[in-house]
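Visitor: Got a structure for you, written out below as structure tokens; questions coming shortly.
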Amino acid sequence: MVSTDSLYGYIPTEWICIMFITLFAITTLLHIGEAVYFRMWWLFLTAVFAGVGELVGWSGRLWSAKIVGDDALNPYLMQITTTILAPTPLIAANFIILGRLIQQLGTQYSRLSPRWYTIIFCTADVVALTVQSVGGASASEAAETVNGNAETGGHIMLGGIVIQMIAITIYVSLAAEFLIRYYTRRPIRQGDTDEEENALDRKSKLMIFGLGFSTLCIFIRAVYRTIELSDGWTGRIIQTEVYFNVLDGGMICSRDVHAQCLPSWVFLVQKRT
């Protein structure tokens, strides 16, 4: 519902907020169960952390749908900060999974070792998360101050998302090169051609597909957020609800639901056992 009095430029639709809260609650609980059952503790710092952030963000939007006036600022700040920050750890999960996949199929085809994939790209992810957090804090402080300017905080958050996009682009390029070299049997390090490698079986193919789908959803969401923040806090993009529901919530929720239907990390556990 469009509203000129709302900080959003519209009133968040209650049933959509409830739907996303329900879906993120289910997928987050499943991620917790998988992390404990398969002893993949890194899922807590990635998928579970992201899921909790999305739950907080969409709860803020549901709260915003029920209140108006001076009390509307807190839930607005709550959702704008958490929904921007929450998906960042999911990118780290993809980096880790790709490193494990490379280890399974043959490191001689990869330009980087699995260890360096984790170090370089997870570091970039932490930097992006830190920059976005600083921007979110700056924007929140400005919003709570009389005549405060939240644009500076928005620009800082935009910088964090741009760092994400650059990291994802480089990661996708390296992953594509690895797969092409694996399929064509053209190792980068000729001296490692005797290194043990596993065949690309059905589970590996499904894992690659799942990793690709997850990366695509996160990248689409990052592009949307970049355009949204570039347009400003009062721009047409940020004040159009359907864009946010589909290109932010819809992308991350699709990624989480798909991850439960095709859990890449489970395939990795099965391959090691």
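We label chains A, B, ... in the order they appear in the structure tokens, count residues from 1 in each chain, and number ligands from 1 in the order shown.
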A:Pro87: which residues within 9 Å, counting only C-alpha atoms, same-chain residues fewer than 5 positions away excluded, as a list in words?
Guide: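 The residues that qualify are Thr46, Ala47, Phe49, Ala50, Gly51, Gly53, Glu54, Thr82, Ile218 and Ile252 of chain A.
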Visitor: Hey, what's within 10 Å of stretch 66-80 of chain A if we count only C-alpha atoms and toss same-chain stuff fewer than 2 positions away? As a ChimeraX atom specification, please?
Guide: /A:5-8,11-14,53-64,82-85,136-137,139-141,143-144
Visitor: Extract the full set of alpha helix (DSSP H) residues from stretch 124-162 of chain A according to DSSP on the backbone, and format it as an NGL selection string.
Guide: :A and (124-143 or 151-162)
Visitor: For C-alpha atoms, I'd like the residues from the last selection saved as a short mmCIF file (atom, residue, chain, number, x, y, z; two decimals), in the first residue's frame.
Guide:
data_model
loop_
_atom_site.label_atom_id
_atom_site.label_comp_id
_atom_site.auth_asym_id
_atom_site.auth_seq_id
_atom_site.Cartn_x
_atom_site.Cartn_y
_atom_site.Cartn_z
CA ALA A 124 36.66 -9.84 1.42
CA ASP A 125 33.31 -10.90 2.86
CA VAL A 126 34.31 -9.77 6.36
CA VAL A 127 35.51 -6.43 4.97
CA ALA A 128 32.21 -5.97 3.09
CA LEU A 129 30.23 -6.85 6.22
CA THR A 130 32.27 -4.41 8.33
CA VAL A 131 31.85 -1.57 5.84
CA GLN A 132 28.09 -2.18 5.64
CA SER A 133 27.85 -2.29 9.44
CA VAL A 134 29.64 1.04 9.75
CA GLY A 135 27.35 2.51 7.10
CA GLY A 136 24.27 1.13 8.82
CA ALA A 137 25.33 2.57 12.17
CA SER A 138 26.03 5.95 10.55
CA ALA A 139 22.68 6.02 8.77
CA SER A 140 20.81 4.98 11.93
CA GLU A 141 22.52 7.64 14.03
CA ALA A 142 21.74 10.31 11.43
CA ALA A 143 18.10 9.23 11.20
CA GLU A 151 23.00 9.77 2.85
CA THR A 152 26.59 9.40 4.08
CA GLY A 153 25.74 6.14 5.83
CA GLY A 154 23.91 4.98 2.71
CA HIS A 155 26.97 5.65 0.57
CA ILE A 156 29.16 3.68 3.00
CA MET A 157 26.73 0.74 2.88
CA LEU A 158 26.76 0.98 -0.90
CA GLY A 159 30.55 0.67 -0.81
CA GLY A 160 30.24 -2.57 1.17
CA ILE A 161 27.81 -4.04 -1.35
CA VAL A 162 30.09 -3.03 -4.25
#
Visitor: Using only C-alpha atoms, find each residue in stretch 51-160 of chain A having at least one atom no more than 12 Å away from stretch 28-42 of chain A; report its shortest atom-to-atom pair and that distance in Å (one decimal), rows by chain then rising number, as JSON lines.
Guide:
{"residue": "A:Gly51", "atom": "CA", "partner": "A:Thr28", "partner_atom": "CA", "distance": 5.2}
{"residue": "A:Val52", "atom": "CA", "partner": "A:Thr28", "partner_atom": "CA", "distance": 7.0}
{"residue": "A:Gly53", "atom": "CA", "partner": "A:Thr28", "partner_atom": "CA", "distance": 10.1}
{"residue": "A:Glu54", "atom": "CA", "partner": "A:Thr28", "partner_atom": "CA", "distance": 9.5}
{"residue": "A:Leu55", "atom": "CA", "partner": "A:Thr28", "partner_atom": "CA", "distance": 8.9}
{"residue": "A:Pro89", "atom": "CA", "partner": "A:Trp42", "partner_atom": "CA", "distance": 10.3}
{"residue": "A:Leu90", "atom": "CA", "partner": "A:Trp42", "partner_atom": "CA", "distance": 11.0}
{"residue": "A:Ala92", "atom": "CA", "partner": "A:Trp42", "partner_atom": "CA", "distance": 9.6}
{"residue": "A:Ala93", "atom": "CA", "partner": "A:Trp42", "partner_atom": "CA", "distance": 8.0}
{"residue": "A:Asn94", "atom": "CA", "partner": "A:Trp42", "partner_atom": "CA", "distance": 11.5}
{"residue": "A:Phe95", "atom": "CA", "partner": "A:Trp42", "partner_atom": "CA", "distance": 11.7}
{"residue": "A:Ile96", "atom": "CA", "partner": "A:Trp42", "partner_atom": "CA", "distance": 9.0}
{"residue": "A:Ile97", "atom": "CA", "partner": "A:Trp42", "partner_atom": "CA", "distance": 10.6}
{"residue": "A:Thr118", "atom": "CA", "partner": "A:Trp42", "partner_atom": "CA", "distance": 11.8}
{"residue": "A:Cys122", "atom": "CA", "partner": "A:Trp42", "partner_atom": "CA", "distance": 11.8}
Visitor: Please provide the set of residues having any atom within 12 Å of A:Lys205, restricted to only C-alpha atoms, with same-chain residues fewer than 4 positions apart removed, written as a PyMOL selection string.
Guide: chain A and resi 101+105+179+183+199-201+209-212+262+264+267-268
Visitor: When you count only C-alpha atoms, which of these residues is closest to A:Thr226: A:Gln164, A:Ala176, A:Thr145, A:Ile119?
Guide: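 Checking each candidate against A:Thr226, we get A:Gln164 as the closest.
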Visitor: Enter the distance from atom CA of A:Arg221 to atom CA of A:Leu247, in Å, rounded to one decimal.
Guide: 5.5 Å
Visitor: Counting only C-alpha atoms, which of A:Met207, A:Val172, A:Ile21, A:Cys217 gets nearest to A:Gln104?
Guide: A:Met207
Visitor: In Å to one decimal, how far is atom CA of A:Met251 from atom CA of A:Arg115?
Guide: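 Between atom CA of A:Arg115 and atom CA of A:Met251 the gap works out to 28.6 Å.
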Visitor: Pick out the closest residue to A:Cys261 from this set: A:Leu98, A:Ile166, A:Leu206, A:Ile16. Count only C-alpha atoms.
Guide: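 Of the candidates, the smallest distance to A:Cys261 is held by A:Leu206.
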Visitor: Mind pulling up the distance from atom CA of A:Ser214 to atom CA of A:Val242?
Guide: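 About the pair atom CA of A:Val242 and atom CA of A:Ser214: they are 21.2 Å apart.
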Visitor: Nearest to A:Glu241: which of A:Ile220, A:Cys17, A:Ile168, A:Ile208 is it, counting only C-alpha atoms?
Guide: A:Cys17
Visitor: Excluding same-chain residues fewer than 2 positions from A:Pro114, what lies within 8 Å of it counting only C-alpha atoms, as a PyMOL selection string?
Guide: chain A and resi 98-100+102-103+107+112+116-118
Visitor: For A:Arg189, which residue among A:Gln239, A:Thr123, A:Ser254, A:Ser110 is the nearest when counting only C-alpha atoms?
Guide: A:Ser110
Visitor: Looking at A:Asp256, A:Ala150, A:Ile18, A:Leu43, which one is nearest to A:Phe213, with distances taken over only C-alpha atoms?
Guide: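 With only C-alpha atoms as the atom set, the closest residue is A:Asp256.
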